[in-house]
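Below is run-v3.csv, which holds CSV, C-alpha atoms and all ligand atoms.
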```
chain,number,residue,atom,x,y,z
P,24,MET,CA,0.0,0.0,0.0
P,25,ALA,CA,1.4,3.4,-0.9
P,26,PHE,CA,2.6,5.5,2.0
P,27,SER,CA,2.1,9.3,2.4
P,28,PHE,CA,2.2,11.6,5.4
P,29,ASN,CA,-1.0,12.2,7.3
P,30,GLU,CA,-1.8,15.8,8.2
P,31,SER,CA,0.1,15.8,11.5
P,32,SER,CA,3.2,14.2,9.9
P,33,MET,CA,3.1,16.7,7.1
P,34,ASN,CA,2.9,19.6,9.5
P,35,GLU,CA,6.0,18.2,11.3
P,36,PHE,CA,7.8,17.8,8.1
P,37,HIS,CA,7.1,21.5,7.1
P,38,LYS,CA,8.4,22.6,10.5
P,39,TRP,CA,11.7,20.8,9.7
P,40,GLY,CA,11.7,22.2,6.2
P,41,LYS,CA,12.0,25.7,7.5
P,42,LYS,CA,15.3,24.8,9.2
P,43,PHE,CA,17.1,23.9,6.0
P,44,PRO,CA,18.0,26.0,2.9
P,45,GLU,CA,15.6,25.8,-0.1
P,46,ASN,CA,18.1,24.1,-2.4
P,47,PRO,CA,18.9,20.5,-3.3
P,48,GLU,CA,21.4,20.1,-0.4
P,49,GLY,CA,18.9,21.5,2.0
P,50,ARG,CA,16.2,19.1,0.7
P,51,ARG,CA,18.7,16.2,1.0
P,52,SER,CA,19.3,17.1,4.6
P,53,LEU,CA,15.6,16.5,5.3
P,54,VAL,CA,15.9,12.8,4.6
P,55,ILE,CA,16.7,11.9,8.3
P,56,PRO,CA,13.8,14.0,9.8
P,57,ALA,CA,11.5,12.7,7.1
P,58,LEU,CA,12.5,9.1,8.0
P,59,TRP,CA,11.9,9.8,11.7
P,60,ILE,CA,8.5,11.2,11.0
P,61,SER,CA,7.6,8.3,8.8
P,62,GLN,CA,8.7,5.8,11.4
P,63,TRP,CA,6.5,7.5,14.0
P,64,GLN,CA,3.6,7.3,11.7
P,65,ASN,CA,4.1,3.9,10.0
P,66,GLY,CA,6.1,2.0,12.7
P,67,TYR,CA,8.9,1.1,10.4
P,68,ILE,CA,10.6,2.1,7.1
P,69,SER,CA,8.9,0.1,4.3
P,70,LYS,CA,9.9,0.3,0.7
P,71,ASP,CA,6.9,2.6,0.1
P,72,VAL,CA,8.2,4.9,2.8
P,73,VAL,CA,11.6,5.0,1.1
P,74,ASN,CA,10.0,6.0,-2.2
P,75,TYR,CA,7.8,8.6,-0.5
P,76,VAL,CA,10.7,10.2,1.4
P,77,ALA,CA,12.8,10.2,-1.8
P,78,GLU,CA,9.9,12.0,-3.6
P,79,ILE,CA,9.3,14.7,-1.0
P,80,THR,CA,13.0,15.4,-0.4
P,81,GLY,CA,13.9,15.3,-4.1
P,82,THR,CA,16.5,12.6,-3.6
P,83,GLU,CA,16.8,9.1,-5.0
P,84,PRO,CA,15.3,6.0,-3.3
P,85,LEU,CA,18.7,4.4,-3.2
P,86,HIS,CA,20.1,7.3,-1.2
P,87,VAL,CA,17.2,7.1,1.3
P,88,TRP,CA,17.6,3.4,1.5
P,89,GLY,CA,21.4,3.9,2.3
P,90,VAL,CA,20.5,6.3,5.1
P,91,THR,CA,17.9,3.9,6.4
P,92,THR,CA,20.3,0.9,6.5
P,93,PHE,CA,23.2,2.9,8.0
P,94,TYR,CA,21.4,4.0,11.1
P,95,THR,CA,20.2,1.2,13.3
P,96,MET,CA,17.5,3.4,14.9
P,97,PHE,CA,15.5,3.0,11.7
P,98,LYS,CA,13.5,-0.2,11.7
P,99,ARG,CA,13.1,-2.0,8.4
P,100,GLU,CA,10.5,-4.4,9.6
P,101,LYS,CA,7.3,-4.2,11.6
P,102,THR,CA,8.0,-4.8,15.3
P,103,GLY,CA,5.9,-5.4,18.4
P,104,LYS,CA,4.2,-2.4,20.1
P,105,PHE,CA,7.0,-2.5,22.7
P,106,PHE,CA,10.4,-2.8,20.9
P,107,LEU,CA,12.8,-4.1,23.6
P,108,GLN,CA,16.4,-3.3,22.6
P,109,PHE,CA,18.9,-4.9,25.0
P,110,CYS,CA,22.4,-3.6,24.9
P,111,THR,CA,24.8,-6.6,25.0
P,112,ASN,CA,28.0,-4.7,24.4
P,113,ILE,CA,30.9,-5.2,26.7
P,114,THR,CA,30.0,-3.1,29.7
P,115,CYS,CA,26.4,-4.2,29.8
P,116,THR,CA,27.4,-7.9,29.3
P,117,LEU,CA,29.8,-7.6,32.1
P,118,MET,CA,26.9,-6.5,34.2
P,119,GLY,CA,24.7,-9.5,33.1
P,120,ALA,CA,22.8,-8.1,30.1
P,121,ASP,CA,23.4,-11.1,27.9
P,122,GLN,CA,21.7,-13.4,30.4
P,123,ILE,CA,18.9,-11.0,31.0
P,124,PHE,CA,18.3,-10.8,27.3
P,125,VAL,CA,18.3,-14.6,26.8
P,126,ASN,CA,16.0,-15.2,29.9
P,127,THR,CA,13.6,-12.4,28.8
P,128,CYS,CA,13.2,-14.0,25.4
P,129,LYS,CA,12.5,-17.3,27.0
P,130,LYS,CA,9.9,-15.8,29.3
P,131,LEU,CA,8.2,-14.1,26.3
P,132,GLY,CA,8.3,-17.4,24.4
P,133,ILE,CA,10.3,-15.9,21.5
P,134,LYS,CA,13.7,-16.3,19.9
P,135,PRO,CA,16.0,-13.2,19.7
P,136,GLY,CA,14.6,-10.8,17.1
P,137,GLU,CA,11.1,-12.3,17.1
P,138,THR,CA,7.8,-10.8,18.1
P,139,THR,CA,5.3,-12.3,20.5
P,140,SER,CA,2.2,-13.8,18.9
P,141,ASP,CA,0.0,-11.0,20.4
P,142,GLY,CA,2.2,-8.4,18.6
P,143,LYS,CA,3.1,-6.7,21.9
P,144,PHE,CA,6.9,-7.4,22.2
P,145,THR,CA,9.9,-7.7,20.0
P,146,ALA,CA,13.2,-8.3,21.7
P,147,VAL,CA,16.6,-7.7,20.0
P,148,GLU,CA,20.2,-7.2,21.0
P,149,VAL,CA,21.8,-3.9,20.1
P,150,GLU,CA,25.3,-2.4,20.2
P,151,CYS,CA,26.3,0.2,22.9
P,152,LEU,CA,23.5,2.6,23.7
P,153,GLY,CA,25.9,5.1,25.1
P,154,ALA,CA,24.8,4.7,28.7
P,155,CYS,CA,27.5,2.3,29.8
P,156,GLY,CA,27.9,4.1,33.2
P,157,SER,CA,24.3,3.0,34.0
P,158,SER,CA,24.5,-0.5,32.6
P,159,PRO,CA,22.8,-2.8,31.9
P,160,THR,CA,20.8,-0.6,29.6
P,161,LEU,CA,17.5,-1.4,27.9
P,162,GLN,CA,15.8,0.8,25.3
P,163,VAL,CA,12.1,0.4,24.9
P,164,ASN,CA,10.8,2.3,21.9
P,165,ASP,CA,12.4,5.8,22.4
P,166,LYS,CA,13.0,5.5,26.2
P,167,TYR,CA,16.0,4.3,28.1
P,168,TYR,CA,15.8,2.1,31.2
P,169,THR,CA,19.1,1.7,33.1
P,170,HIS,CA,20.6,-0.5,35.9
P,171,MET,CA,18.3,-3.2,34.7
P,172,THR,CA,18.0,-6.6,36.5
P,173,GLU,CA,15.9,-9.5,35.4
P,174,SER,CA,13.2,-8.7,37.9
P,175,GLU,CA,13.2,-5.0,36.8
P,176,VAL,CA,12.6,-6.2,33.2
P,177,GLU,CA,9.9,-8.6,34.4
P,178,LYS,CA,8.2,-5.7,36.2
P,179,LEU,CA,8.4,-3.5,33.1
P,180,ILE,CA,7.0,-6.2,30.9
P,181,ALA,CA,4.1,-6.7,33.3
P,182,GLU,CA,3.5,-3.0,33.2
P,183,PHE,CA,3.5,-2.9,29.4
P,184,ARG,CA,1.1,-5.9,29.2
P,185,GLY,CA,-1.4,-3.9,31.1
P,186,ALA,CA,-0.9,-0.8,28.9
P,187,LYS,CA,-3.5,0.1,26.4
U,201,LIG,S1,27.8,-1.1,26.7
U,201,LIG,FE1,25.7,-1.0,27.1
U,201,LIG,S2,25.3,1.1,27.1
U,201,LIG,FE2,27.4,1.0,26.5
```
Just give me the structure as structure tokens.
Ligand code: FES
Amino acid sequence: MAFSFNESSMNEFHKWGKKFPENPEGRRSLVIPALWISQWQNGYISKDVVNYVAEITGTEPLHVWGVTTFYTMFKREKTGKFFLQFCTNITCTLMGADQIFVNTCKKLGIKPGETTSDGKFTAVEVECLGACGSSPTLQVNDKYYTHMTESEVEKLIAEFRGAK
């Protein structure tokens, strides 16, 4: 299905447009904000999103795809409502993150990278989230949770299960 911005996304895009020069380089700089706005609206960056962002920024789909694949914060597949990103880089792993990740996947009944059958949770491993001093660090959607333990993660998941 073809993608296009809804009214609120288009308003947000226009706000960003005012921050860049009205020339091809300025339009090209709008690719990252346009991808963010698309992800907020669509949940992930589909091929239709790539084509749409290329069209509205006057760039090539290949360039937009390159940006999408370079930055890990852009999701290329649909995920659960709660996207659990466990940092398992060195500091977090030294603090037990790898075990927390494995056990959380088991409790959710999924393999790493999978989504629960109710569509609520996807759990993945990610590289350093830049919060090593507060490890283990977990990012859920756009929010960081630090000093995580297995029981803290369980509490969070129970909280999210009850969320509407
Ligand atoms: S190693 Fe996990 S936040 Fe840096």
*Please identify every polymer residue within 10 Å of ligand LIG 201 (chain U), using all atoms listed in the file, and present the set as a PyMOL selection string.*
chain P and resi 109-118+120+149-162+167+169
Could those selected residues go to a file with C-alpha atoms, as a short mmCIF file (atom, residue, chain, number, x, y, z; two decimals), in the coordinates of the input?
```cif
data_model
loop_
_atom_site.label_atom_id
_atom_site.label_comp_id
_atom_site.auth_asym_id
_atom_site.auth_seq_id
_atom_site.Cartn_x
_atom_site.Cartn_y
_atom_site.Cartn_z
CA PHE P 109 18.90 -4.90 25.00
CA CYS P 110 22.40 -3.60 24.90
CA THR P 111 24.80 -6.60 25.00
CA ASN P 112 28.00 -4.70 24.40
CA ILE P 113 30.90 -5.20 26.70
CA THR P 114 30.00 -3.10 29.70
CA CYS P 115 26.40 -4.20 29.80
CA THR P 116 27.40 -7.90 29.30
CA LEU P 117 29.80 -7.60 32.10
CA MET P 118 26.90 -6.50 34.20
CA ALA P 120 22.80 -8.10 30.10
CA VAL P 149 21.80 -3.90 20.10
CA GLU P 150 25.30 -2.40 20.20
CA CYS P 151 26.30 0.20 22.90
CA LEU P 152 23.50 2.60 23.70
CA GLY P 153 25.90 5.10 25.10
CA ALA P 154 24.80 4.70 28.70
CA CYS P 155 27.50 2.30 29.80
CA GLY P 156 27.90 4.10 33.20
CA SER P 157 24.30 3.00 34.00
CA SER P 158 24.50 -0.50 32.60
CA PRO P 159 22.80 -2.80 31.90
CA THR P 160 20.80 -0.60 29.60
CA LEU P 161 17.50 -1.40 27.90
CA GLN P 162 15.80 0.80 25.30
CA TYR P 167 16.00 4.30 28.10
CA THR P 169 19.10 1.70 33.10
#
```
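The nearest approach to P:Val72 among the residues P:Lys134, P:Lys143, P:Lys98, P:Arg50, with only C-alpha atoms taken into account, belongs to P:Lys98.
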*Show which residues sit within 12 Å of P:Ile133, as a PyMOL selection string. Count all atoms listed in the file, and ignore same-chain residues fewer than 5 positions away.*
chain P and resi 103+124-128+138-147
*If you count only C-alpha atoms, which residues fall within 12 Å of P:Glu35, apart from same-chain ones fewer than 4 positions away, as number ranges by chain?*
P: 28-31, 39-42, 53, 56-61, 63-64
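Computed from the coordinates, the atom CA of P:Met171 to atom CA of P:Gly132 distance equals 20.2 Å.
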*If you count only C-alpha atoms, which residues fall within 12 Å of P:Val76, apart from same-chain ones fewer than 4 positions away, as a VMD selection string?*
chain P and resid 25 to 28 33 36 50 to 62 68 to 72 80 to 88 90 to 91
Tell me which protein, DNA and RNA residues are within 10 Å of stretch 179-184 of chain P, counting only C-alpha atoms, leaving out same-chain ones fewer than 5 positions away, and put them as a CSV table (one decimal) with C-alpha atoms, in the coordinates of the input.
```
chain,number,residue,atom,x,y,z
P,104,LYS,CA,4.2,-2.4,20.1
P,105,PHE,CA,7.0,-2.5,22.7
P,107,LEU,CA,12.8,-4.1,23.6
P,127,THR,CA,13.6,-12.4,28.8
P,131,LEU,CA,8.2,-14.1,26.3
P,143,LYS,CA,3.1,-6.7,21.9
P,144,PHE,CA,6.9,-7.4,22.2
P,163,VAL,CA,12.1,0.4,24.9
P,168,TYR,CA,15.8,2.1,31.2
P,173,GLU,CA,15.9,-9.5,35.4
P,174,SER,CA,13.2,-8.7,37.9
```
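Atom pair atom CA of P:Phe97 / atom CA of P:Tyr67 has a distance of 7.0 Å (rounded to one decimal).
Counting from atom CA of P:Asn65, the distance to atom CA of P:Lys178 is 28.2 Å.
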*Which of P:Gly49, P:Pro135, P:Gly66, P:Pro44 sits closest to P:Met96 [using all atoms listed in the file]*: P:Gly66
